[in-house]
>>> print(open('final_16.pdb').read())   # PDB, C-alpha atoms, pLDDT in the B column
ATOM      1  CA  MET A   1     117.117  94.149  68.870  1.00 63.00           C
ATOM      2  CA  THR A   2     115.077  97.321  68.374  1.00 79.00           C
ATOM      3  CA  LEU A   3     116.643 100.579  69.509  1.00 84.00           C
ATOM      4  CA  PRO A   4     114.702 102.928  71.796  1.00 89.00           C
ATOM      5  CA  VAL A   5     112.449 105.359  69.964  1.00 85.00           C
ATOM      6  CA  ASN A   6     114.308 108.454  71.154  1.00 86.00           C
ATOM      7  CA  PHE A   7     117.524 107.261  69.481  1.00 86.00           C
ATOM      8  CA  ASP A   8     115.940 108.006  66.093  1.00 84.00           C
ATOM      9  CA  SER A   9     113.545 110.788  67.101  1.00 85.00           C
ATOM     10  CA  VAL A  10     114.762 114.260  67.986  1.00 87.00           C
ATOM     11  CA  ASP A  11     111.255 115.179  69.147  1.00 88.00           C
ATOM     12  CA  VAL A  12     110.953 112.311  71.641  1.00 90.00           C
ATOM     13  CA  ASP A  13     114.479 112.839  72.973  1.00 90.00           C
ATOM     14  CA  ALA A  14     113.741 116.551  73.407  1.00 91.00           C
ATOM     15  CA  VAL A  15     110.690 115.723  75.541  1.00 92.00           C
ATOM     16  CA  LEU A  16     112.821 113.428  77.706  1.00 93.00           C
ATOM     17  CA  ALA A  17     115.689 115.922  77.983  1.00 93.00           C
ATOM     18  CA  GLU A  18     113.340 118.733  79.003  1.00 94.00           C
ATOM     19  CA  TRP A  19     111.699 116.468  81.565  1.00 93.00           C
ATOM     20  CA  VAL A  20     115.041 115.539  83.122  1.00 94.00           C
ATOM     21  CA  SER A  21     116.065 119.205  83.133  1.00 94.00           C
ATOM     22  CA  ALA A  22     112.825 120.196  84.869  1.00 93.00           C
ATOM     23  CA  LEU A  23     113.453 117.579  87.555  1.00 93.00           C
ATOM     24  CA  SER A  24     117.113 118.428  88.151  1.00 91.00           C
ATOM     25  CA  ASP A  25     116.273 120.240  91.393  1.00 90.00           C
ATOM     26  CA  GLN A  26     114.738 116.962  92.639  1.00 90.00           C
ATOM     27  CA  GLY A  27     117.967 115.129  91.807  1.00 92.00           C
ATOM     28  CA  VAL A  28     116.718 113.225  88.750  1.00 95.00           C
ATOM     29  CA  GLU A  29     119.373 112.629  86.090  1.00 95.00           C
ATOM     30  CA  SER A  30     117.867 109.832  83.993  1.00 96.00           C
ATOM     31  CA  VAL A  31     114.476 108.588  82.807  1.00 96.00           C
ATOM     32  CA  LEU A  32     113.499 105.254  81.296  1.00 97.00           C
ATOM     33  CA  VAL A  33     110.252 104.111  79.663  1.00 96.00           C
ATOM     34  CA  LEU A  34     109.486 100.403  79.339  1.00 95.00           C
ATOM     35  CA  GLY A  35     106.489  99.067  77.466  1.00 91.00           C
ATOM     36  CA  PRO A  36     105.009  95.723  76.432  1.00 88.00           C
ATOM     37  CA  ASN A  37     106.448  93.949  73.439  1.00 85.00           C
ATOM     38  CA  PRO A  38     103.379  93.926  71.132  1.00 80.00           C
ATOM     39  CA  LEU A  39     104.507  90.617  69.641  1.00 78.00           C
ATOM     40  CA  GLY A  40     105.348  88.968  72.957  1.00 78.00           C
ATOM     41  CA  GLY A  41     103.764  87.678  76.146  1.00 79.00           C
ATOM     42  CA  ALA A  42     102.759  89.509  79.307  1.00 77.00           C
ATOM     43  CA  ASP A  43     106.313  89.239  80.709  1.00 82.00           C
ATOM     44  CA  ASP A  44     108.022  90.626  77.591  1.00 87.00           C
ATOM     45  CA  ARG A  45     109.078  94.259  77.894  1.00 91.00           C
ATOM     46  CA  GLU A  46     110.950  96.622  75.575  1.00 92.00           C
ATOM     47  CA  VAL A  47     113.012  99.716  76.217  1.00 95.00           C
ATOM     48  CA  LEU A  48     110.914 102.342  74.476  1.00 95.00           C
ATOM     49  CA  ALA A  49     113.030 105.332  75.505  1.00 95.00           C
ATOM     50  CA  VAL A  50     115.991 106.050  77.773  1.00 96.00           C
ATOM     51  CA  HIS A  51     117.746 109.338  78.465  1.00 95.00           C
ATOM     52  CA  PRO A  52     120.653 109.834  78.449  1.00 95.00           C
ATOM     53  CA  PRO A  53     121.294 107.224  75.718  1.00 93.00           C
ATOM     54  CA  ARG A  54     124.513 105.925  77.333  1.00 95.00           C
ATOM     55  CA  LEU A  55     122.306 104.056  79.827  1.00 96.00           C
ATOM     56  CA  LEU A  56     120.863 101.673  77.228  1.00 96.00           C
ATOM     57  CA  GLY A  57     122.719  98.675  78.698  1.00 95.00           C
ATOM     58  CA  PRO A  58     121.353  99.082  82.249  1.00 96.00           C
ATOM     59  CA  ALA A  59     117.927  99.890  80.783  1.00 96.00           C
ATOM     60  CA  ARG A  60     117.823  96.644  78.779  1.00 95.00           C
ATOM     61  CA  ALA A  61     118.963  94.671  81.820  1.00 95.00           C
ATOM     62  CA  LEU A  62     115.991  96.030  83.772  1.00 94.00           C
ATOM     63  CA  ALA A  63     113.590  95.269  80.900  1.00 93.00           C
ATOM     64  CA  GLU A  64     114.869  91.693  80.692  1.00 92.00           C
ATOM     65  CA  SER A  65     114.561  91.105  84.440  1.00 90.00           C
ATOM     66  CA  HIS A  66     111.478  89.847  86.260  1.00 85.00           C
ATOM     67  CA  ASP A  67     111.455  92.779  88.682  1.00 86.00           C
ATOM     68  CA  PHE A  68     108.255  94.791  88.581  1.00 83.00           C
ATOM     69  CA  GLY A  69     106.567  93.704  85.317  1.00 68.00           C
ATOM     70  CA  ALA A  70     103.695  91.214  85.136  1.00 64.00           C
ATOM     71  CA  SER A  71     104.191  89.481  88.484  1.00 69.00           C
ATOM     72  CA  TRP A  72     104.298  92.831  90.265  1.00 66.00           C
ATOM     73  CA  ARG A  73     101.048  93.953  88.644  1.00 65.00           C
ATOM     74  CA  GLU A  74      99.271  90.663  89.371  1.00 67.00           C
ATOM     75  CA  SER A  75     100.119  91.001  93.069  1.00 69.00           C
ATOM     76  CA  ASP A  76      98.073  94.220  93.317  1.00 72.00           C
ATOM     77  CA  ALA A  77     101.272  96.127  94.033  1.00 71.00           C
ATOM     78  CA  PRO A  78     101.083  99.943  94.001  1.00 72.00           C
ATOM     79  CA  LEU A  79     101.321 101.862  90.753  1.00 80.00           C
ATOM     80  CA  VAL A  80     104.075 104.009  92.257  1.00 84.00           C
ATOM     81  CA  ALA A  81     107.173 102.428  93.812  1.00 85.00           C
ATOM     82  CA  TRP A  82     110.201 104.050  95.450  1.00 87.00           C
ATOM     83  CA  GLN A  83     113.297 101.914  96.009  1.00 88.00           C
ATOM     84  CA  ASP A  84     116.919 102.055  97.035  1.00 90.00           C
ATOM     85  CA  ILE A  85     118.730 100.470  94.095  1.00 91.00           C
ATOM     86  CA  ALA A  86     121.381  98.923  96.347  1.00 85.00           C
ATOM     87  CA  LYS A  87     118.713  96.679  97.867  1.00 81.00           C
ATOM     88  CA  SER A  88     119.135  93.119  96.538  1.00 76.00           C
ATOM     89  CA  ALA A  89     121.950  94.251  94.230  1.00 73.00           C
ATOM     90  CA  LEU A  90     124.135  91.333  95.319  1.00 75.00           C
ATOM     91  CA  GLU A  91     121.505  88.688  94.589  1.00 77.00           C
ATOM     92  CA  PRO A  92     121.796  86.685  91.322  1.00 74.00           C
ATOM     93  CA  SER A  93     118.770  88.551  89.915  1.00 72.00           C
ATOM     94  CA  GLY A  94     120.234  91.944  90.794  1.00 87.00           C
ATOM     95  CA  ARG A  95     122.302  92.469  87.629  1.00 91.00           C
ATOM     96  CA  TRP A  96     120.325  95.508  86.464  1.00 93.00           C
ATOM     97  CA  ARG A  97     120.708  97.086  89.907  1.00 93.00           C
ATOM     98  CA  ARG A  98     124.478  96.599  89.828  1.00 94.00           C
ATOM     99  CA  LEU A  99     124.653  98.241  86.399  1.00 95.00           C
ATOM    100  CA  TRP A 100     122.676 101.293  87.548  1.00 96.00           C
ATOM    101  CA  LEU A 101     124.792 101.517  90.705  1.00 94.00           C
ATOM    102  CA  ALA A 102     127.926 101.399  88.550  1.00 95.00           C
ATOM    103  CA  HIS A 103     126.683 104.523  86.791  1.00 96.00           C
ATOM    104  CA  GLY A 104     126.230 106.259  90.133  1.00 95.00           C
ATOM    105  CA  TYR A 105     122.460 105.922  90.629  1.00 95.00           C
ATOM    106  CA  GLN A 106     121.112 105.222  94.115  1.00 94.00           C
ATOM    107  CA  THR A 107     117.331 105.627  93.923  1.00 93.00           C
ATOM    108  CA  LEU A 108     114.520 104.912  91.487  1.00 94.00           C
ATOM    109  CA  VAL A 109     110.895 105.932  91.385  1.00 94.00           C
ATOM    110  CA  ARG A 110     108.680 103.769  89.177  1.00 93.00           C
ATOM    111  CA  VAL A 111     105.254 104.805  87.923  1.00 93.00           C
ATOM    112  CA  ALA A 112     102.991 102.339  86.084  1.00 91.00           C
ATOM    113  CA  PHE A 113     100.332 103.129  83.494  1.00 91.00           C
ATOM    114  CA  THR A 114      98.189 100.024  83.180  1.00 85.00           C
ATOM    115  CA  LEU A 115      96.879  98.560  79.931  1.00 83.00           C
ATOM    116  CA  PRO A 116      94.397  95.795  79.033  1.00 76.00           C
ATOM    117  CA  ALA A 117      95.336  92.105  79.335  1.00 75.00           C
ATOM    118  CA  GLY A 118      97.827  92.577  82.156  1.00 77.00           C
ATOM    119  CA  ARG A 119     100.230  94.875  80.324  1.00 84.00           C
ATOM    120  CA  ALA A 120     101.547  98.277  81.385  1.00 87.00           C
ATOM    121  CA  PHE A 121     103.886 101.090  80.506  1.00 92.00           C
ATOM    122  CA  GLU A 122     106.472 101.775  83.201  1.00 94.00           C
ATOM    123  CA  CYS A 123     108.304 105.061  83.751  1.00 95.00           C
ATOM    124  CA  PHE A 124     111.448 104.965  85.879  1.00 96.00           C
ATOM    125  CA  LEU A 125     113.142 108.073  87.237  1.00 96.00           C
ATOM    126  CA  PHE A 126     116.681 107.629  88.567  1.00 96.00           C
ATOM    127  CA  SER A 127     118.616 109.768  91.012  1.00 95.00           C
ATOM    128  CA  PRO A 128     122.259 109.579  92.165  1.00 94.00           C
ATOM    129  CA  ARG A 129     121.220 110.337  95.760  1.00 90.00           C
ATOM    130  CA  ARG A 130     119.058 108.652  98.357  1.00 87.00           C
ATOM    131  CA  PHE A 131     115.727 110.307  99.066  1.00 84.00           C
ATOM    132  CA  SER A 132     114.994 111.511 102.563  1.00 74.00           C
ATOM    133  CA  GLY A 133     111.275 110.761 102.493  1.00 76.00           C
ATOM    134  CA  ARG A 134     108.198 109.736 100.538  1.00 82.00           C
ATOM    135  CA  ALA A 135     107.381 113.340  99.647  1.00 86.00           C
ATOM    136  CA  GLU A 136     110.224 113.445  97.124  1.00 87.00           C
ATOM    137  CA  ALA A 137     109.015 110.268  95.433  1.00 88.00           C
ATOM    138  CA  ALA A 138     105.448 111.615  95.371  1.00 89.00           C
ATOM    139  CA  THR A 139     106.616 114.782  93.617  1.00 91.00           C
ATOM    140  CA  LEU A 140     108.325 112.739  90.904  1.00 92.00           C
ATOM    141  CA  ALA A 141     105.290 110.501  90.475  1.00 92.00           C
ATOM    142  CA  TRP A 142     103.082 113.555  90.005  1.00 94.00           C
ATOM    143  CA  SER A 143     105.480 114.820  87.338  1.00 94.00           C
ATOM    144  CA  ALA A 144     105.303 111.479  85.495  1.00 94.00           C
ATOM    145  CA  PHE A 145     101.494 111.451  85.503  1.00 94.00           C
ATOM    146  CA  ASN A 146     101.468 114.987  84.094  1.00 94.00           C
ATOM    147  CA  ILE A 147     103.883 114.385  81.238  1.00 94.00           C
ATOM    148  CA  TRP A 148     102.725 110.877  80.349  1.00 94.00           C
ATOM    149  CA  PRO A 149      99.939 111.785  77.818  1.00 92.00           C
ATOM    150  CA  LEU A 150     102.421 113.820  75.748  1.00 92.00           C
ATOM    151  CA  LEU A 151     105.228 111.289  76.072  1.00 93.00           C
ATOM    152  CA  ARG A 152     103.021 108.290  75.296  1.00 90.00           C
ATOM    153  CA  ARG A 153     101.647 109.909  72.153  1.00 89.00           C
ATOM    154  CA  ALA A 154     105.115 110.939  70.940  1.00 90.00           C
ATOM    155  CA  ILE A 155     106.525 107.437  71.452  1.00 90.00           C
ATOM    156  CA  ALA A 156     103.508 105.693  69.910  1.00 88.00           C
ATOM    157  CA  GLU A 157     103.543 107.829  66.771  1.00 86.00           C
ATOM    158  CA  GLU A 158     107.211 107.025  66.216  1.00 86.00           C
ATOM    159  CA  ARG A 159     106.630 103.283  66.635  1.00 84.00           C
ATOM    160  CA  VAL A 160     103.694 102.948  64.214  1.00 83.00           C
ATOM    161  CA  SER A 161     102.548 105.631  61.816  1.00 84.00           C
ATOM    162  CA  LEU A 162      98.762 105.426  61.341  1.00 84.00           C
ATOM    163  CA  SER A 163      96.812 107.943  59.303  1.00 88.00           C
ATOM    164  CA  PRO A 164      94.171 109.991  61.173  1.00 87.00           C
ATOM    165  CA  ARG A 165      91.387 107.949  59.530  1.00 91.00           C
ATOM    166  CA  GLU A 166      93.064 104.631  60.359  1.00 89.00           C
ATOM    167  CA  GLN A 167      93.434 105.714  63.967  1.00 88.00           C
ATOM    168  CA  GLU A 168      89.829 106.946  64.124  1.00 90.00           C
ATOM    169  CA  SER A 169      88.603 103.604  62.772  1.00 91.00           C
ATOM    170  CA  LEU A 170      90.537 101.761  65.468  1.00 88.00           C
ATOM    171  CA  HIS A 171      89.267 104.066  68.217  1.00 87.00           C
ATOM    172  CA  LEU A 172      85.651 103.501  67.190  1.00 90.00           C
ATOM    173  CA  THR A 173      86.226  99.755  66.967  1.00 90.00           C
ATOM    174  CA  PHE A 174      87.688  99.913  70.468  1.00 89.00           C
ATOM    175  CA  GLU A 175      84.459 101.609  71.598  1.00 88.00           C
ATOM    176  CA  GLY A 176      82.545  98.581  70.298  1.00 88.00           C
ATOM    177  CA  LEU A 177      81.089 100.071  67.108  1.00 88.00           C
ATOM    178  CA  THR A 178      80.485  97.831  64.101  1.00 89.00           C
ATOM    179  CA  ALA A 179      81.862  98.743  60.685  1.00 87.00           C
ATOM    180  CA  ARG A 180      78.428 100.076  59.738  1.00 90.00           C
ATOM    181  CA  GLU A 181      78.171 102.215  62.868  1.00 91.00           C
ATOM    182  CA  THR A 182      81.730 103.413  62.365  1.00 89.00           C
ATOM    183  CA  ALA A 183      80.913 104.401  58.786  1.00 89.00           C
ATOM    184  CA  LEU A 184      77.981 106.499  59.981  1.00 91.00           C
ATOM    185  CA  ARG A 185      80.163 108.205  62.572  1.00 91.00           C
ATOM    186  CA  MET A 186      82.940 108.875  60.048  1.00 89.00           C
ATOM    187  CA  HIS A 187      80.525 109.900  57.262  1.00 91.00           C
ATOM    188  CA  CYS A 188      81.876 107.350  54.812  1.00 90.00           C
ATOM    189  CA  SER A 189      81.020 103.898  53.469  1.00 91.00           C
ATOM    190  CA  GLU A 190      81.548 100.568  55.243  1.00 89.00           C
ATOM    191  CA  ARG A 191      83.954  99.659  52.493  1.00 92.00           C
ATOM    192  CA  THR A 192      86.068 102.707  53.329  1.00 92.00           C
ATOM    193  CA  VAL A 193      86.061 101.817  57.034  1.00 90.00           C
ATOM    194  CA  ASN A 194      87.192  98.276  56.269  1.00 90.00           C
ATOM    195  CA  TYR A 195      89.899  99.681  54.003  1.00 92.00           C
ATOM    196  CA  HIS A 196      91.259 101.851  56.828  1.00 90.00           C
ATOM    197  CA  LEU A 197      91.063  98.963  59.292  1.00 90.00           C
ATOM    198  CA  ALA A 198      92.867  96.648  56.866  1.00 90.00           C
ATOM    199  CA  ASN A 199      95.676  99.187  56.507  1.00 90.00           C
ATOM    200  CA  ALA A 200      95.904  99.533  60.305  1.00 88.00           C
ATOM    201  CA  MET A 201      96.023  95.745  60.716  1.00 90.00           C
ATOM    202  CA  THR A 202      98.869  95.518  58.217  1.00 90.00           C
ATOM    203  CA  LYS A 203     100.878  98.224  59.995  1.00 87.00           C
ATOM    204  CA  LEU A 204     100.222  96.606  63.375  1.00 87.00           C
ATOM    205  CA  GLN A 205     101.079  93.141  62.004  1.00 86.00           C
ATOM    206  CA  THR A 206      97.762  91.533  62.919  1.00 88.00           C
ATOM    207  CA  ASP A 207      95.143  89.626  60.938  1.00 87.00           C
ATOM    208  CA  ASN A 208      91.939  90.688  62.728  1.00 89.00           C
ATOM    209  CA  LYS A 209      90.342  93.797  64.199  1.00 87.00           C
ATOM    210  CA  LEU A 210      90.407  92.651  67.812  1.00 86.00           C
ATOM    211  CA  ALA A 211      94.125  91.920  67.704  1.00 86.00           C
ATOM    212  CA  ALA A 212      94.750  95.272  65.996  1.00 89.00           C
ATOM    213  CA  VAL A 213      92.875  97.143  68.729  1.00 87.00           C
ATOM    214  CA  GLN A 214      94.727  95.214  71.430  1.00 84.00           C
ATOM    215  CA  ARG A 215      98.125  95.857  69.864  1.00 84.00           C
ATOM    216  CA  ALA A 216      97.293  99.536  69.355  1.00 84.00           C
ATOM    217  CA  CYS A 217      96.565  99.738  73.110  1.00 83.00           C
ATOM    218  CA  TRP A 218      99.881  98.091  73.974  1.00 82.00           C
ATOM    219  CA  ILE A 219     101.765 100.505  71.715  1.00 83.00           C
ATOM    220  CA  GLY A 220      99.945 103.503  73.176  1.00 82.00           C
ATOM    221  CA  LEU A 221      97.942 104.568  70.137  1.00 82.00           C
ATOM    222  CA  ILE A 222      94.636 104.086  72.003  1.00 81.00           C
TER     223      ILE A 222
END
>>> encode(input="final_16.pdb", output="structure tokens")
Amino acid sequence: MTLPVNFDSVDVDAVLAEWVSALSDQGVESVLVLGPNPLGGADDREVLAVHPPRLLGPARALAESHDFGASWRESDAPLVAWQDIAKSALEPSGRWRRLWLAHGYQTLVRVAFTLPAGRAFECFLFSPRRFSGRAEAATLAWSAFNIWPLLRRAIAEERVSLSPREQESLHLTFEGLTARETALRMHCSERTVNYHLANAMTKLQTDNKLAAVQRACWIGLI
């Protein structure tokens, strides 16, 4: 089972630690980032980052559950959710809630960042106290939207290391450009473009350009 990115990356963990510190006045003491498993189906999620690290067990339990995730997105549910963790904790499917409660957390705010093909990144912010109103949840959601571009890029670069030219080739392919058009844009030959794309496909464990672009989206590189 793959460990969260921040366990091996000082830079990513520093971003998470600073974020938690900045939100301490709002009562936030933990953050969790879930993302699609690039080799799995729409329901398969991974723990990309969790801070503090001691909460890996509860984080994995949430990732393995069917709460939120694909069924939530398909129901046109809101991108931002605010919940009392104790709700449904005693139901058979409430294992992840019981684990978070055991660590003293009462409330979560979840913010989704949608991706193609029914996938999404999900940021969860946990607090040991109950919120008094929606305004507190809205403040945390705003914070997540602000930090997400930096956090997504930091996590993605740790998961798959593409060269600048490999990433540029994928971006232009994502925009719908052919290899010839991409070569003109990058001021190189078609052969060079195909070389960069082949390297990207190998690193992303795919055997065609479309799959490479899709997987790059799910990882957060595009």
>>> atom_distance(input="final_16.pdb", atom1="atom CA of Leu32 of chain A", atom2="atom CA of His51 of chain A")
6.5 Å
>>> resolve_selection(input="final_16.pdb", expression="the PyMOL selection byres ((chain A and resi 44) around 10)", output="PDB file with C-alpha atoms, in the coordinates of the input")
ATOM      1  CA  GLY A  35     106.489  99.067  77.466  1.00 91.00           C
ATOM      2  CA  PRO A  36     105.009  95.723  76.432  1.00 88.00           C
ATOM      3  CA  ASN A  37     106.448  93.949  73.439  1.00 85.00           C
ATOM      4  CA  PRO A  38     103.379  93.926  71.132  1.00 80.00           C
ATOM      5  CA  LEU A  39     104.507  90.617  69.641  1.00 78.00           C
ATOM      6  CA  GLY A  40     105.348  88.968  72.957  1.00 78.00           C
ATOM      7  CA  GLY A  41     103.764  87.678  76.146  1.00 79.00           C
ATOM      8  CA  ALA A  42     102.759  89.509  79.307  1.00 77.00           C
ATOM      9  CA  ASP A  43     106.313  89.239  80.709  1.00 82.00           C
ATOM     10  CA  ARG A  45     109.078  94.259  77.894  1.00 91.00           C
ATOM     11  CA  GLU A  46     110.950  96.622  75.575  1.00 92.00           C
ATOM     12  CA  ALA A  63     113.590  95.269  80.900  1.00 93.00           C
ATOM     13  CA  GLU A  64     114.869  91.693  80.692  1.00 92.00           C
ATOM     14  CA  SER A  65     114.561  91.105  84.440  1.00 90.00           C
ATOM     15  CA  HIS A  66     111.478  89.847  86.260  1.00 85.00           C
ATOM     16  CA  GLY A  69     106.567  93.704  85.317  1.00 68.00           C
ATOM     17  CA  ALA A  70     103.695  91.214  85.136  1.00 64.00           C
ATOM     18  CA  ARG A 119     100.230  94.875  80.324  1.00 84.00           C
TER      19      ARG A 119
END
>>> atom_distance(input="final_16.pdb", atom1="atom CA of Arg130 of chain A", atom2="atom CA of Trp100 of chain A")
13.6 Å
>>> resolve_selection(input="final_16.pdb", expression="the PyMOL selection byres ((chain A and resi 50) around 12)", output="CSV table (one decimal) with C-alpha atoms, in the coordinates of the input")
chain,number,residue,atom,x,y,z
A,3,LEU,CA,116.6,100.6,69.5
A,4,PRO,CA,114.7,102.9,71.8
A,5,VAL,CA,112.4,105.4,70.0
A,6,ASN,CA,114.3,108.5,71.2
A,7,PHE,CA,117.5,107.3,69.5
A,8,ASP,CA,115.9,108.0,66.1
A,9,SER,CA,113.5,110.8,67.1
A,12,VAL,CA,111.0,112.3,71.6
A,13,ASP,CA,114.5,112.8,73.0
A,14,ALA,CA,113.7,116.6,73.4
A,15,VAL,CA,110.7,115.7,75.5
A,16,LEU,CA,112.8,113.4,77.7
A,17,ALA,CA,115.7,115.9,78.0
A,19,TRP,CA,111.7,116.5,81.6
A,20,VAL,CA,115.0,115.5,83.1
A,29,GLU,CA,119.4,112.6,86.1
A,30,SER,CA,117.9,109.8,84.0
A,31,VAL,CA,114.5,108.6,82.8
A,32,LEU,CA,113.5,105.3,81.3
A,33,VAL,CA,110.3,104.1,79.7
A,34,LEU,CA,109.5,100.4,79.3
A,35,GLY,CA,106.5,99.1,77.5
A,46,GLU,CA,111.0,96.6,75.6
A,47,VAL,CA,113.0,99.7,76.2
A,48,LEU,CA,110.9,102.3,74.5
A,49,ALA,CA,113.0,105.3,75.5
A,51,HIS,CA,117.7,109.3,78.5
A,52,PRO,CA,120.7,109.8,78.4
A,53,PRO,CA,121.3,107.2,75.7
A,54,ARG,CA,124.5,105.9,77.3
A,55,LEU,CA,122.3,104.1,79.8
A,56,LEU,CA,120.9,101.7,77.2
A,57,GLY,CA,122.7,98.7,78.7
A,58,PRO,CA,121.4,99.1,82.2
A,59,ALA,CA,117.9,99.9,80.8
A,60,ARG,CA,117.8,96.6,78.8
A,62,LEU,CA,116.0,96.0,83.8
A,63,ALA,CA,113.6,95.3,80.9
A,122,GLU,CA,106.5,101.8,83.2
A,123,CYS,CA,108.3,105.1,83.8
A,124,PHE,CA,111.4,105.0,85.9
A,125,LEU,CA,113.1,108.1,87.2
A,126,PHE,CA,116.7,107.6,88.6
A,155,ILE,CA,106.5,107.4,71.5
>>> closest_residue(input="final_16.pdb", among="A:Ser93, A:Gln106, A:Thr173, A:Gln26", to="Ala137 of chain A", atoms="all atoms listed in the file")
A:Gln26
>>> atom_distance(input="final_16.pdb", atom1="atom CA of Ser21 of chain A", atom2="atom CA of Thr107 of chain A")
17.4 Å
>>> resolve_selection(input="final_16.pdb", expression="the PyMOL selection byres ((chain A and resi 220) around 7)", output="PyMOL selection string")
chain A and resi 152-153+156+216-219+221-222
>>> closest_residue(input="final_16.pdb", among="A:Pro149, A:Gly176, A:Gly27, A:Gly118", to="Lys209 of chain A", atoms="only C-alpha atoms")
A:Gly176
>>> closest_residue(input="final_16.pdb", among="A:Glu166, A:Glu136, A:Glu157, A:Asp25", to="Thr192 of chain A", atoms="only C-alpha atoms")
A:Glu166
